[in-house]
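upload_12.pdb follows (PDB, C-alpha atoms, pLDDT in the B column):
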```pdb
ATOM      1  CA  MET A   6       0.000   0.000   0.000  1.00 89.00           C
ATOM      2  CA  ILE A   7       1.220   3.484  -0.855  1.00 95.00           C
ATOM      3  CA  GLN A   8       0.181   6.478   1.245  1.00 96.00           C
ATOM      4  CA  ILE A   9       0.041  10.167   0.381  1.00 97.00           C
ATOM      5  CA  THR A  10       0.146  13.058   2.843  1.00 97.00           C
ATOM      6  CA  PRO A  11      -2.374  15.900   2.457  1.00 97.00           C
ATOM      7  CA  ALA A  12       0.403  18.166   1.103  1.00 97.00           C
ATOM      8  CA  ALA A  13       1.345  15.616  -1.583  1.00 97.00           C
ATOM      9  CA  SER A  14      -2.316  15.038  -2.379  1.00 97.00           C
ATOM     10  CA  ASP A  15      -2.857  18.785  -2.899  1.00 96.00           C
ATOM     11  CA  ARG A  16       0.168  18.980  -5.207  1.00 96.00           C
ATOM     12  CA  MET A  17      -0.959  15.974  -7.259  1.00 96.00           C
ATOM     13  CA  ARG A  18      -4.485  17.382  -7.566  1.00 96.00           C
ATOM     14  CA  ALA A  19      -3.020  20.651  -8.869  1.00 95.00           C
ATOM     15  CA  PHE A  20      -1.026  18.761 -11.536  1.00 93.00           C
ATOM     16  CA  LEU A  21      -4.082  16.750 -12.551  1.00 96.00           C
ATOM     17  CA  ALA A  22      -6.291  19.857 -12.715  1.00 96.00           C
ATOM     18  CA  ARG A  23      -3.893  21.398 -15.257  1.00 96.00           C
ATOM     19  CA  SER A  24      -3.864  18.183 -17.324  1.00 95.00           C
ATOM     20  CA  PRO A  25      -7.392  16.723 -17.348  1.00 92.00           C
ATOM     21  CA  GLU A  26      -6.406  14.299 -20.139  1.00 95.00           C
ATOM     22  CA  ALA A  27      -3.973  12.510 -17.784  1.00 96.00           C
ATOM     23  CA  ALA A  28      -4.930   8.991 -16.732  1.00 96.00           C
ATOM     24  CA  GLY A  29      -3.558   9.641 -13.231  1.00 97.00           C
ATOM     25  CA  VAL A  30      -0.260  10.123 -11.445  1.00 97.00           C
ATOM     26  CA  ARG A  31       2.481   7.629 -12.268  1.00 97.00           C
ATOM     27  CA  PHE A  32       4.746   6.613  -9.372  1.00 95.00           C
ATOM     28  CA  ALA A  33       7.748   4.549 -10.398  1.00 93.00           C
ATOM     29  CA  VAL A  34      11.432   3.957  -9.888  1.00 91.00           C
ATOM     30  CA  LYS A  35      14.214   3.955 -12.424  1.00 89.00           C
ATOM     31  CA  ARG A  36      17.874   3.023 -12.274  1.00 83.00           C
ATOM     32  CA  MET A  37      19.824   6.170 -11.525  1.00 73.00           C
ATOM     33  CA  GLY A  38      22.129   7.877  -9.067  1.00 60.00           C
ATOM     34  CA  CYS A  39      24.932   6.481  -6.999  1.00 63.00           C
ATOM     35  CA  SER A  40      22.695   4.207  -4.892  1.00 59.00           C
ATOM     36  CA  GLY A  41      20.827   2.446  -7.679  1.00 79.00           C
ATOM     37  CA  PHE A  42      17.224   3.662  -7.894  1.00 84.00           C
ATOM     38  CA  GLY A  43      15.488   7.019  -8.098  1.00 86.00           C
ATOM     39  CA  TYR A  44      11.820   7.909  -7.721  1.00 88.00           C
ATOM     40  CA  VAL A  45       9.697   9.191 -10.589  1.00 90.00           C
ATOM     41  CA  VAL A  46       6.426  11.054 -10.064  1.00 92.00           C
ATOM     42  CA  ASP A  47       4.806  12.178 -13.304  1.00 94.00           C
ATOM     43  CA  LEU A  48       1.469  12.358 -15.034  1.00 96.00           C
ATOM     44  CA  ALA A  49       0.398   9.042 -16.550  1.00 96.00           C
ATOM     45  CA  ALA A  50      -0.467   9.468 -20.220  1.00 94.00           C
ATOM     46  CA  ALA A  51      -1.982   5.984 -20.330  1.00 95.00           C
ATOM     47  CA  ILE A  52      -2.461   2.909 -18.192  1.00 97.00           C
ATOM     48  CA  ALA A  53      -0.778  -0.282 -19.360  1.00 96.00           C
ATOM     49  CA  GLU A  54      -2.553  -3.618 -19.012  1.00 96.00           C
ATOM     50  CA  ASP A  55      -0.156  -4.785 -16.297  1.00 96.00           C
ATOM     51  CA  ASP A  56      -0.088  -1.492 -14.332  1.00 97.00           C
ATOM     52  CA  ARG A  57      -1.491  -1.479 -10.821  1.00 96.00           C
ATOM     53  CA  VAL A  58      -3.991   1.351 -10.364  1.00 97.00           C
ATOM     54  CA  LEU A  59      -4.546   2.566  -6.806  1.00 96.00           C
ATOM     55  CA  ASP A  60      -7.197   5.033  -5.673  1.00 96.00           C
ATOM     56  CA  ILE A  61      -5.555   7.015  -2.888  1.00 95.00           C
ATOM     57  CA  ASP A  62      -7.602   9.855  -1.441  1.00 91.00           C
ATOM     58  CA  GLY A  63      -9.467  10.138  -4.753  1.00 94.00           C
ATOM     59  CA  ILE A  64      -6.250  10.288  -6.787  1.00 96.00           C
ATOM     60  CA  ARG A  65      -5.545   7.580  -9.343  1.00 97.00           C
ATOM     61  CA  VAL A  66      -1.954   6.450  -8.730  1.00 97.00           C
ATOM     62  CA  VAL A  67      -0.472   4.210 -11.425  1.00 97.00           C
ATOM     63  CA  VAL A  68       2.454   1.896 -10.587  1.00 97.00           C
ATOM     64  CA  ASP A  69       4.168  -0.463 -13.022  1.00 96.00           C
ATOM     65  CA  PRO A  70       4.737  -4.085 -11.912  1.00 96.00           C
ATOM     66  CA  LYS A  71       8.543  -3.741 -11.701  1.00 94.00           C
ATOM     67  CA  SER A  72       8.342  -0.682  -9.433  1.00 94.00           C
ATOM     68  CA  LEU A  73       5.589  -1.950  -7.132  1.00 95.00           C
ATOM     69  CA  PRO A  74       7.705  -4.235  -4.919  1.00 93.00           C
ATOM     70  CA  LEU A  75      10.286  -1.455  -4.499  1.00 92.00           C
ATOM     71  CA  VAL A  76       7.762   1.218  -3.472  1.00 93.00           C
ATOM     72  CA  ASP A  77       5.172  -0.841  -1.597  1.00 94.00           C
ATOM     73  CA  GLY A  78       4.600   0.804   1.784  1.00 94.00           C
ATOM     74  CA  THR A  79       6.030   4.182   0.740  1.00 94.00           C
ATOM     75  CA  LEU A  80       4.650   7.406   2.203  1.00 95.00           C
ATOM     76  CA  ILE A  81       4.810  10.268  -0.321  1.00 95.00           C
ATOM     77  CA  ASP A  82       5.008  13.773   1.135  1.00 95.00           C
ATOM     78  CA  PHE A  83       5.458  17.190  -0.458  1.00 95.00           C
ATOM     79  CA  GLN A  84       7.631  19.741   1.304  1.00 93.00           C
ATOM     80  CA  ARG A  85       8.685  23.331   0.751  1.00 91.00           C
ATOM     81  CA  GLN A  86      11.970  24.663   2.080  1.00 87.00           C
ATOM     82  CA  GLY A  87      12.592  28.267   1.132  1.00 87.00           C
ATOM     83  CA  LEU A  88      12.368  28.491  -2.652  1.00 87.00           C
ATOM     84  CA  ASN A  89      12.647  24.711  -3.096  1.00 88.00           C
ATOM     85  CA  ALA A  90       9.686  22.354  -3.221  1.00 90.00           C
ATOM     86  CA  SER A  91       9.727  18.619  -3.865  1.00 88.00           C
ATOM     87  CA  PHE A  92       8.150  15.278  -3.172  1.00 91.00           C
ATOM     88  CA  VAL A  93       9.776  13.431  -0.274  1.00 89.00           C
ATOM     89  CA  PHE A  94       9.612   9.645   0.012  1.00 90.00           C
ATOM     90  CA  HIS A  95       9.596   7.561   3.185  1.00 90.00           C
ATOM     91  CA  ASN A  96      10.188   4.059   1.837  1.00 89.00           C
ATOM     92  CA  PRO A  97      10.422   1.157   4.311  1.00 90.00           C
ATOM     93  CA  ASN A  98      12.055  -0.984   1.591  1.00 85.00           C
ATOM     94  CA  ALA A  99      15.053   1.338   1.191  1.00 82.00           C
ATOM     95  CA  THR A 100      18.131  -0.028   2.929  1.00 76.00           C
ATOM     96  CA  GLY A 101      20.321   2.957   2.073  1.00 72.00           C
ATOM     97  CA  GLU A 102      20.353   6.341   0.365  1.00 70.00           C
ATOM     98  CA  CYS A 103      23.017   8.373  -1.323  1.00 62.00           C
ATOM     99  CA  GLY A 104      24.336  11.449   0.472  1.00 57.00           C
ATOM    100  CA  CYS A 105      22.271  13.865  -1.607  1.00 56.00           C
ATOM    101  CA  GLY A 106      19.040  11.887  -1.135  1.00 55.00           C
ATOM    102  CA  GLU A 107      18.411  11.527  -4.867  1.00 61.00           C
ATOM    103  CA  SER A 108      18.671   7.742  -5.019  1.00 61.00           C
ATOM    104  CA  PHE A 109      18.184   4.711  -2.805  1.00 67.00           C
ATOM    105  CA  THR A 110      19.229   1.078  -2.437  1.00 66.00           C
ATOM    106  CA  VAL A 111      17.082  -1.987  -1.821  1.00 67.00           C
ATOM    107  CA  SER A 112      18.695  -5.207  -0.615  1.00 65.00           C
TER     108      SER A 112
END
```
As structure tokens, what does this structure read like?
Amino acid sequence: MIQITPAASDRMRAFLARSPEAAGVRFAVKRMGCSGFGYVVDLAAAIAEDDRVLDIDGIRVVVDPKSLPLVDGTLIDFQRQGLNASFVFHNPNATGECGCGESFTVS
């Protein structure tokens, strides 16, 4: 199960309101960074047959089957610090992170 804080929910709703043709919000991981995996949050243009579609607080969250085991249990937050704003991930599956926080490791 993936959870979304109210701040992240508000941010996702704002993205979806500007793109009503989007099928939902895609949450995935990709190989990147010095620790192995990085998070991807983007608008889903379409839903693949093998995608898992979750309804979280009225938001359609789309996760591909390869990413799901790596992000299962993740809490997605959205935080502002000064002029910077970004999604923040609390992933119980992550066994390590790089120093800059951009990527994570799963054992």
- For range 60-70 of chain A, list every protein, DNA or RNA residue within 8 Å, evaluated using all atoms listed in the file, and leave out those in the same chain fewer than 6 positions away; present the list as an MDAnalysis selection string. chainID A and resid 7:9 14 17:18 28:33 49 52
Put the listed atoms of range 83-93 of chain A in a box along x, y and z with 4 Å added on every side and give me the centre and edge lengths in Å to one decimal, as lines of an AutoDock Vina configuration file.
```
center_x = 9.1
center_y = 21.0
center_z = -0.9
size_x = 15.2
size_y = 23.1
size_z = 13.9
```
- Item | Shortest interatomic distance to Ser24 in chain A - which of A:Ser91, A:Asp47, A:Asp82, A:Pro74, counting all atoms listed in the file |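 Ranking A:Ser91, A:Asp47, A:Asp82, A:Pro74 by distance to Ser24 in chain A, first place goes to A:Asp47.
Each of A:Leu48, A:Ala13, A:Ala99, A:Val34 was checked against Ser72 in chain A using all atoms listed in the file; the smallest atom-to-atom distance is that of A:Val34.
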- Task: Would you list the contacts of Ala12 in chain A as JSON, numbers by chain, taking every protein, DNA or RNA residue within 7 Å and counting all atoms listed in the file, but skipping same-chain residues closer than 3 positions in sequence?
- Result: {"A": [15, 16, 82, 83]}
- Item | Selected residue of minimal separation from Val58 in chain A among A:Leu73, A:Met37, A:Val45, A:Ala22, counting all atoms listed in the file |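 For Val58 in chain A, the nearest of the given residues is A:Leu73.
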- Message: I'd like the interatomic distance between CA of Leu75 in chain A and CA of Asn96 in chain A, to a tenth of an Å.
- Response: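 Between these atoms lies a distance of 8.4 Å.
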- Query: Separation of CA of Met6 in chain A and CA of Glu54 in chain A, in Å?
  - Reply: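 So the answer is 19.5 Å.
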- Task: Could you check how far CA of Ala50 in chain A sits from CA of Ala27 in chain A, in Å to one decimal?
- Result: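 Value for the CA of Ala50 in chain A-CA of Ala27 in chain A distance: 5.2 Å.
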- Message: I'd like to know which of A:Pro97, A:Glu26, A:Leu21, A:Gly41 is closest to Gly78 in chain A, using all atoms listed in the file.
- Response: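 Of A:Pro97, A:Glu26, A:Leu21, A:Gly41, the one nearest Gly78 in chain A, counting all atoms listed in the file, is A:Pro97.
Of the residues under consideration (A:Lys71, A:Thr10, A:Val76, A:Gly87), A:Val76 shows the shortest atom-to-atom contact distance to Tyr44 in chain A when counting only C-alpha atoms.
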